[in-house]
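Dropping protein_25.pdb in here (PDB, C-alpha atoms and all ligand atoms):
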ATOM      1  CA  MET A  25     -12.523   7.407 -85.018  1.00  0.00           C
ATOM      2  CA  LYS A  26      -9.879   6.610 -87.606  1.00  0.00           C
ATOM      3  CA  ASN A  27      -7.584   3.631 -87.261  1.00  0.00           C
ATOM      4  CA  ILE A  28      -3.979   4.248 -86.287  1.00  0.00           C
ATOM      5  CA  VAL A  29      -1.745   2.278 -88.652  1.00  0.00           C
ATOM      6  CA  LEU A  30       1.924   1.669 -87.872  1.00  0.00           C
ATOM      7  CA  ILE A  31       4.214   0.963 -90.801  1.00  0.00           C
ATOM      8  CA  GLY A  32       7.997   0.781 -91.101  1.00  0.00           C
ATOM      9  CA  PHE A  33      10.939  -1.548 -91.517  1.00  0.00           C
ATOM     10  CA  MET A  34      11.465  -4.706 -89.447  1.00  0.00           C
ATOM     11  CA  GLY A  35      12.784  -3.853 -85.984  1.00  0.00           C
ATOM     12  CA  THR A  36      11.392  -0.321 -85.808  1.00  0.00           C
ATOM     13  CA  GLY A  37       9.032  -1.303 -82.980  1.00  0.00           C
ATOM     14  CA  LYS A  38       5.659  -1.482 -84.738  1.00  0.00           C
ATOM     15  CA  THR A  39       4.338  -4.394 -82.692  1.00  0.00           C
ATOM     16  CA  SER A  40       5.518  -3.279 -79.240  1.00  0.00           C
ATOM     17  CA  THR A  41       4.431   0.297 -79.847  1.00  0.00           C
ATOM     18  CA  GLY A  42       1.132  -0.771 -81.392  1.00  0.00           C
ATOM     19  CA  ARG A  43       0.291  -2.931 -78.398  1.00  0.00           C
ATOM     20  CA  LEU A  44       1.096  -0.131 -75.941  1.00  0.00           C
ATOM     21  CA  LEU A  45      -0.726   2.496 -77.963  1.00  0.00           C
ATOM     22  CA  ALA A  46      -3.833   0.341 -78.245  1.00  0.00           C
ATOM     23  CA  SER A  47      -3.888  -0.215 -74.504  1.00  0.00           C
ATOM     24  CA  ARG A  48      -3.378   3.526 -73.809  1.00  0.00           C
ATOM     25  CA  LEU A  49      -6.219   4.416 -76.175  1.00  0.00           C
ATOM     26  CA  GLY A  50      -8.473   1.559 -75.068  1.00  0.00           C
ATOM     27  CA  ARG A  51      -8.731   0.258 -78.620  1.00  0.00           C
ATOM     28  CA  PRO A  52      -8.290  -3.237 -80.056  1.00  0.00           C
ATOM     29  CA  PHE A  53      -4.827  -4.062 -81.406  1.00  0.00           C
ATOM     30  CA  ILE A  54      -4.360  -5.936 -84.664  1.00  0.00           C
ATOM     31  CA  ASP A  55      -0.995  -7.228 -85.796  1.00  0.00           C
ATOM     32  CA  THR A  56      -1.351  -8.169 -89.462  1.00  0.00           C
ATOM     33  CA  ASP A  57       1.454 -10.761 -89.318  1.00  0.00           C
ATOM     34  CA  LYS A  58      -0.244 -12.514 -86.399  1.00  0.00           C
ATOM     35  CA  ARG A  59      -3.576 -12.332 -88.233  1.00  0.00           C
ATOM     36  CA  ILE A  60      -2.053 -13.889 -91.368  1.00  0.00           C
ATOM     37  CA  GLU A  61      -0.644 -16.724 -89.255  1.00  0.00           C
ATOM     38  CA  THR A  62      -3.935 -17.371 -87.456  1.00  0.00           C
ATOM     39  CA  ASP A  63      -6.118 -17.123 -90.572  1.00  0.00           C
ATOM     40  CA  ASN A  64      -3.873 -19.485 -92.543  1.00  0.00           C
ATOM     41  CA  GLY A  65      -2.853 -21.826 -89.736  1.00  0.00           C
ATOM     42  CA  ILE A  66       0.850 -21.546 -90.544  1.00  0.00           C
ATOM     43  CA  SER A  67       3.763 -19.434 -89.302  1.00  0.00           C
ATOM     44  CA  ILE A  68       5.240 -16.788 -91.593  1.00  0.00           C
ATOM     45  CA  PRO A  69       8.681 -18.481 -91.728  1.00  0.00           C
ATOM     46  CA  ASP A  70       6.983 -21.755 -92.745  1.00  0.00           C
ATOM     47  CA  MET A  71       4.875 -19.945 -95.316  1.00  0.00           C
ATOM     48  CA  PHE A  72       8.025 -18.460 -96.898  1.00  0.00           C
ATOM     49  CA  THR A  73       9.783 -21.836 -96.866  1.00  0.00           C
ATOM     50  CA  LEU A  74       6.895 -23.885 -98.214  1.00  0.00           C
ATOM     51  CA  TYR A  75       5.213 -21.474-100.624  1.00  0.00           C
ATOM     52  CA  GLY A  76       7.593 -18.546-101.166  1.00  0.00           C
ATOM     53  CA  GLU A  77       7.447 -14.786-100.676  1.00  0.00           C
ATOM     54  CA  ALA A  78       4.906 -14.083-103.442  1.00  0.00           C
ATOM     55  CA  TYR A  79       2.402 -16.369-101.732  1.00  0.00           C
ATOM     56  CA  PHE A  80       2.967 -14.556 -98.432  1.00  0.00           C
ATOM     57  CA  ARG A  81       2.462 -11.169-100.135  1.00  0.00           C
ATOM     58  CA  LYS A  82      -0.874 -12.359-101.531  1.00  0.00           C
ATOM     59  CA  LYS A  83      -2.024 -13.461 -98.062  1.00  0.00           C
ATOM     60  CA  GLU A  84      -0.736 -10.182 -96.632  1.00  0.00           C
ATOM     61  CA  LYS A  85      -2.796  -8.243 -99.178  1.00  0.00           C
ATOM     62  CA  ASP A  86      -5.968 -10.219 -98.328  1.00  0.00           C
ATOM     63  CA  THR A  87      -5.492  -9.638 -94.596  1.00  0.00           C
ATOM     64  CA  ILE A  88      -4.765  -5.927 -94.996  1.00  0.00           C
ATOM     65  CA  ALA A  89      -7.856  -5.485 -97.175  1.00  0.00           C
ATOM     66  CA  LYS A  90      -9.918  -7.099 -94.410  1.00  0.00           C
ATOM     67  CA  VAL A  91      -8.531  -5.223 -91.403  1.00  0.00           C
ATOM     68  CA  ALA A  92      -8.462  -1.873 -93.217  1.00  0.00           C
ATOM     69  CA  ARG A  93     -12.271  -1.947 -93.155  1.00  0.00           C
ATOM     70  CA  TYR A  94     -12.368  -1.772 -89.357  1.00  0.00           C
ATOM     71  CA  THR A  95     -12.577   1.507 -87.506  1.00  0.00           C
ATOM     72  CA  ASN A  96     -11.202   2.638 -84.173  1.00  0.00           C
ATOM     73  CA  VAL A  97      -8.418   0.051 -83.980  1.00  0.00           C
ATOM     74  CA  VAL A  98      -4.621   0.179 -83.854  1.00  0.00           C
ATOM     75  CA  ILE A  99      -2.971  -1.819 -86.657  1.00  0.00           C
ATOM     76  CA  ALA A 100       0.689  -2.856 -86.876  1.00  0.00           C
ATOM     77  CA  THR A 101       1.671  -4.070 -90.348  1.00  0.00           C
ATOM     78  CA  GLY A 102       4.590  -6.199 -91.515  1.00  0.00           C
ATOM     79  CA  GLY A 103       7.599  -4.285 -92.859  1.00  0.00           C
ATOM     80  CA  GLY A 104       6.835  -5.154 -96.475  1.00  0.00           C
ATOM     81  CA  ALA A 105       3.219  -3.983 -96.462  1.00  0.00           C
ATOM     82  CA  VAL A 106       4.204  -0.817 -98.344  1.00  0.00           C
ATOM     83  CA  LEU A 107       5.479  -2.834-101.312  1.00  0.00           C
ATOM     84  CA  ALA A 108       1.943  -2.998-102.708  1.00  0.00           C
ATOM     85  CA  GLU A 109       0.426   0.425-103.330  1.00  0.00           C
ATOM     86  CA  GLU A 110      -3.002  -1.132-102.918  1.00  0.00           C
ATOM     87  CA  ASN A 111      -2.188  -1.989 -99.267  1.00  0.00           C
ATOM     88  CA  VAL A 112      -1.289   1.595 -98.450  1.00  0.00           C
ATOM     89  CA  ASN A 113      -4.297   2.993-100.295  1.00  0.00           C
ATOM     90  CA  CYS A 114      -6.793   0.878 -98.446  1.00  0.00           C
ATOM     91  CA  LEU A 115      -5.123   1.411 -95.042  1.00  0.00           C
ATOM     92  CA  LYS A 116      -5.318   5.170 -95.608  1.00  0.00           C
ATOM     93  CA  ILE A 117      -9.067   5.210 -96.291  1.00  0.00           C
ATOM     94  CA  ASN A 118      -9.967   4.677 -92.601  1.00  0.00           C
ATOM     95  CA  GLY A 119      -6.567   5.249 -91.095  1.00  0.00           C
ATOM     96  CA  LEU A 120      -3.831   7.644 -90.086  1.00  0.00           C
ATOM     97  CA  VAL A 121      -0.510   6.157 -91.127  1.00  0.00           C
ATOM     98  CA  ILE A 122       2.470   6.542 -88.816  1.00  0.00           C
ATOM     99  CA  THR A 123       5.894   5.470 -90.071  1.00  0.00           C
ATOM    100  CA  LEU A 124       8.458   4.258 -87.546  1.00  0.00           C
ATOM    101  CA  THR A 125      12.119   4.450 -88.553  1.00  0.00           C
ATOM    102  CA  ALA A 126      15.426   3.396 -86.953  1.00  0.00           C
ATOM    103  CA  SER A 127      19.117   3.342 -87.837  1.00  0.00           C
ATOM    104  CA  VAL A 128      20.615   0.289 -89.573  1.00  0.00           C
ATOM    105  CA  GLU A 129      22.634  -0.525 -86.429  1.00  0.00           C
ATOM    106  CA  VAL A 130      19.576  -0.522 -84.199  1.00  0.00           C
ATOM    107  CA  ILE A 131      17.536  -2.514 -86.725  1.00  0.00           C
ATOM    108  CA  LEU A 132      20.292  -5.152 -86.801  1.00  0.00           C
ATOM    109  CA  GLU A 133      20.445  -5.228 -83.027  1.00  0.00           C
ATOM    110  CA  ARG A 134      16.667  -5.521 -82.529  1.00  0.00           C
ATOM    111  CA  THR A 135      16.093  -8.067 -85.287  1.00  0.00           C
ATOM    112  CA  GLY A 136      19.139 -10.131 -84.257  1.00  0.00           C
ATOM    113  CA  ARG A 137      17.431 -11.244 -81.056  1.00  0.00           C
ATOM    114  CA  ARG A 138      15.084 -13.615 -82.899  1.00  0.00           C
ATOM    115  CA  SER A 139      15.332 -15.574 -86.135  1.00  0.00           C
ATOM    116  CA  ASN A 140      11.673 -15.331 -87.117  1.00  0.00           C
ATOM    117  CA  ARG A 141      12.183 -13.031 -90.109  1.00  0.00           C
ATOM    118  CA  PRO A 142      12.812 -15.021 -93.290  1.00  0.00           C
ATOM    119  CA  LEU A 143      14.182 -12.026 -95.206  1.00  0.00           C
ATOM    120  CA  LEU A 144      16.922 -11.554 -92.619  1.00  0.00           C
ATOM    121  CA  ASN A 145      17.914 -15.200 -92.311  1.00  0.00           C
ATOM    122  CA  CYS A 146      21.023 -14.761 -94.422  1.00  0.00           C
ATOM    123  CA  ASP A 147      24.773 -14.432 -93.946  1.00  0.00           C
ATOM    124  CA  ARG A 148      25.114 -10.787 -94.903  1.00  0.00           C
ATOM    125  CA  ARG A 149      22.349  -9.324 -92.752  1.00  0.00           C
ATOM    126  CA  GLU A 150      23.734  -5.799 -92.766  1.00  0.00           C
ATOM    127  CA  GLN A 151      23.918  -5.693 -96.574  1.00  0.00           C
ATOM    128  CA  GLN A 152      20.434  -7.112 -96.785  1.00  0.00           C
ATOM    129  CA  VAL A 153      18.998  -4.481 -94.399  1.00  0.00           C
ATOM    130  CA  ILE A 154      20.745  -1.670 -96.306  1.00  0.00           C
ATOM    131  CA  GLN A 155      19.440  -2.951 -99.633  1.00  0.00           C
ATOM    132  CA  LEU A 156      15.870  -3.471 -98.477  1.00  0.00           C
ATOM    133  CA  LEU A 157      15.825  -0.064 -96.793  1.00  0.00           C
ATOM    134  CA  ALA A 158      17.081   1.608 -99.955  1.00  0.00           C
ATOM    135  CA  ALA A 159      14.279  -0.009-101.928  1.00  0.00           C
ATOM    136  CA  ARG A 160      11.602   0.874 -99.386  1.00  0.00           C
ATOM    137  CA  ASP A 161      12.608   4.160 -97.806  1.00  0.00           C
ATOM    138  CA  ALA A 162      10.587   6.380-100.145  1.00  0.00           C
ATOM    139  CA  LEU A 163       7.558   4.119 -99.812  1.00  0.00           C
ATOM    140  CA  TYR A 164       7.577   4.446 -96.014  1.00  0.00           C
ATOM    141  CA  LYS A 165       7.998   8.217 -96.231  1.00  0.00           C
ATOM    142  CA  ASN A 166       5.378   8.790 -98.925  1.00  0.00           C
ATOM    143  CA  ALA A 167       2.765   6.752 -97.102  1.00  0.00           C
ATOM    144  CA  ALA A 168       3.224   8.593 -93.805  1.00  0.00           C
ATOM    145  CA  ASP A 169       0.969  11.128 -92.131  1.00  0.00           C
ATOM    146  CA  PHE A 170       3.578  11.302 -89.372  1.00  0.00           C
ATOM    147  CA  ILE A 171       7.113   9.893 -88.997  1.00  0.00           C
ATOM    148  CA  ILE A 172       8.921   8.979 -85.761  1.00  0.00           C
ATOM    149  CA  ASP A 173      12.544   7.934 -85.483  1.00  0.00           C
ATOM    150  CA  THR A 174      12.650   5.179 -82.843  1.00  0.00           C
ATOM    151  CA  THR A 175      16.456   4.780 -82.845  1.00  0.00           C
ATOM    152  CA  VAL A 176      16.909   6.201 -79.349  1.00  0.00           C
ATOM    153  CA  ARG A 177      13.323   5.919 -78.129  1.00  0.00           C
ATOM    154  CA  SER A 178      11.595   3.157 -76.208  1.00  0.00           C
ATOM    155  CA  PRO A 179       8.148   1.931 -77.282  1.00  0.00           C
ATOM    156  CA  GLN A 180       6.752   3.894 -74.294  1.00  0.00           C
ATOM    157  CA  GLN A 181       8.354   7.114 -75.542  1.00  0.00           C
ATOM    158  CA  VAL A 182       7.196   6.485 -79.098  1.00  0.00           C
ATOM    159  CA  THR A 183       3.680   5.843 -77.811  1.00  0.00           C
ATOM    160  CA  GLU A 184       3.694   9.150 -75.935  1.00  0.00           C
ATOM    161  CA  GLU A 185       4.833  10.993 -79.071  1.00  0.00           C
ATOM    162  CA  ILE A 186       2.068   9.435 -81.102  1.00  0.00           C
ATOM    163  CA  ILE A 187      -0.488  10.456 -78.484  1.00  0.00           C
ATOM    164  CA  VAL A 188       0.781  14.052 -78.562  1.00  0.00           C
ATOM    165  CA  TYR A 189       0.519  14.011 -82.368  1.00  0.00           C
ATOM    166  CA  LEU A 190      -3.016  12.598 -82.263  1.00  0.00           C
ATOM    167  CA  ARG A 191      -4.135  15.086 -79.640  1.00  0.00           C
ATOM    168  CA  ARG A 192      -2.705  18.038 -81.562  1.00  0.00           C
ATOM    169  CA  GLY A 193      -4.456  16.919 -84.710  1.00  0.00           C
ATOM    170  CA  GLY A 194      -7.775  16.607 -82.872  1.00  0.00           C
ATOM    171  CA  HIS A 195      -7.847  12.841 -83.450  1.00  0.00           C
ATOM    172  CA  LEU A 196      -8.522  11.963 -79.802  1.00  0.00           C
ATOM    173  CA  ARG A 197     -11.614  12.671 -77.817  1.00  0.00           C
ATOM    174  CA  GLY A 198     -11.345  13.408 -74.075  1.00  0.00           C
ATOM    175  CA  ARG A 199      -9.223  10.816 -72.239  1.00  0.00           C
ATOM    176  CA  SER A 200      -5.884   9.093 -73.018  1.00  0.00           C
TER     177      SER A 200
HETATM  178  C1  LIG B   1       8.643  -8.516 -93.655  1.00  0.00           C
HETATM  179  C2  LIG B   1       8.485  -8.113 -92.335  1.00  0.00           C
HETATM  180  C3  LIG B   1       7.923  -9.001 -91.293  1.00  0.00           C
HETATM  181  C4  LIG B   1       6.993 -10.039 -91.923  1.00  0.00           C
HETATM  182  C5  LIG B   1       7.688 -10.777 -93.030  1.00  0.00           C
HETATM  183  C6  LIG B   1       8.204  -9.850 -94.135  1.00  0.00           C
HETATM  184  C7  LIG B   1       9.236  -7.553 -94.612  1.00  0.00           C
HETATM  185  O1  LIG B   1       7.205  -8.238 -90.334  1.00  0.00           O
HETATM  186  O2  LIG B   1       5.832  -9.429 -92.416  1.00  0.00           O
HETATM  187  O3  LIG B   1       8.757 -11.486 -92.460  1.00  0.00           O
HETATM  188  O4  LIG B   1       9.136  -7.792 -95.834  1.00  0.00           O
HETATM  189  O5  LIG B   1       9.807  -6.531 -94.170  1.00  0.00           O
HETATM  190  P1  LIG B   1       7.912  -7.268 -89.236  1.00  0.00           P
HETATM  191  O6  LIG B   1       8.184  -5.954 -89.891  1.00  0.00           O
HETATM  192  O7  LIG B   1       6.862  -7.153 -88.168  1.00  0.00           O
HETATM  193  O8  LIG B   1       9.128  -7.952 -88.761  1.00  0.00           O
END

Just dump the structure as structure tokens.
Amino acid sequence: MKNIVLIGFMGTGKTSTGRLLASRLGRPFIDTDKRIETDNGISIPDMFTLYGEAYFRKKEKDTIAKVARYTNVVIATGGGAVLAEENVNCLKINGLVITLTASVEVILERTGRRSNRPLLNCDRREQQVIQLLAARDALYKNAADFIIDTTVRSPQQVTEEIIVYLRRGGHLRGRS
């Protein structure tokens, strides 16, 4: 079976939904950010501080190339994965790509709870979110096989919607 790949901006619920979806489908869950941290023995904020964003993007590309070769897993990517076309292309070979979206207000609310996102550790967070979204919006949409707005939906509700989509498309066998 194809992988299910969740993409979308920070705070759209990729990790929580991915974890739930994987457990509903009985498949392994892979969070590419976590995998980058484990493989490199350093947290993402520290990687940004010590080596810069370009270094992180290189590590992100290596990790995505590796996990894209798996089958039958659920993958949650970091919000910037779409910035490299190569990432999207290889994730699509074995995977169905689902884009999660949310309003700016909800993104600010969800990402404000923790300070583990280097790109949002700035004074003008709202401006930053608006700018990054403007630069990425088309990339998220173009990469998607299916798009879900998570603004007013819980990860449980989003998971159910994904399962309905997968079932309708004949991507699930039997249970779930
Ligand atoms: C990033 C999103 C983060 C993480 C890194 C960069 C981005 O992941 O990969 O901080 O460029 O949008 P989440 O989307 O899981 O927060």

Let me have the centre and edge lengths in Å, one decimal, of the box along x, y and z around every listed atom of ligand LIG 1 (chain B) with 5 Å of margin on each side, as AutoDock Vina command-line options.
--center_x 7.8 --center_y -8.7 --center_z -92.0 --size_x 14.0 --size_y 15.5 --size_z 17.7

Next on the checklist: Evaluate the PyMOL selection byres (((not hetatm)) within 8 of (chain B and resi 1)) against this structure - the residues, as an NGL selection string, please.
Outcome noted: :A and (32-36 or 38-39 or 56-57 or 68-69 or 84 or 100-105 or 135 or 140-143)

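The closest residue to Ile99 in chain A, picked from A:Val188, A:Leu30, A:Val153, A:Ile60 and counting all atoms listed in the file, is A:Leu30.
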
Item to check | Residues returned when the PyMOL selection byres (((chain A and resi 106-123) around 10) and not hetatm) runs on this file, as a ChimeraX atom specification | outcome: /A:25-33,36,38,81-82,84-105,124-125,159-174,186,190,195

Checklist entry - By how many Å are CA of Lys83 in chain A and CA of Asn64 in chain A apart? => result 8.4 Å

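The space between CA of Tyr189 in chain A and CA of Ala158 in chain A spans 27.2 Å.
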
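You will find CA of Arg149 in chain A at 19.8 Å from CA of Asp70 in chain A.
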
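Counting only C-alpha atoms and comparing A:Leu156, A:Val176, A:Ala78, A:Val182, the residue that lies closest to Ala126 in chain A is A:Val176.
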
Next on the checklist: Under the rule that only C-alpha atoms are counted, which of A:Arg137, A:Thr62, A:Leu132, A:Phe80 is the nearest residue to Gln151 in chain A?
Outcome noted: A:Leu132
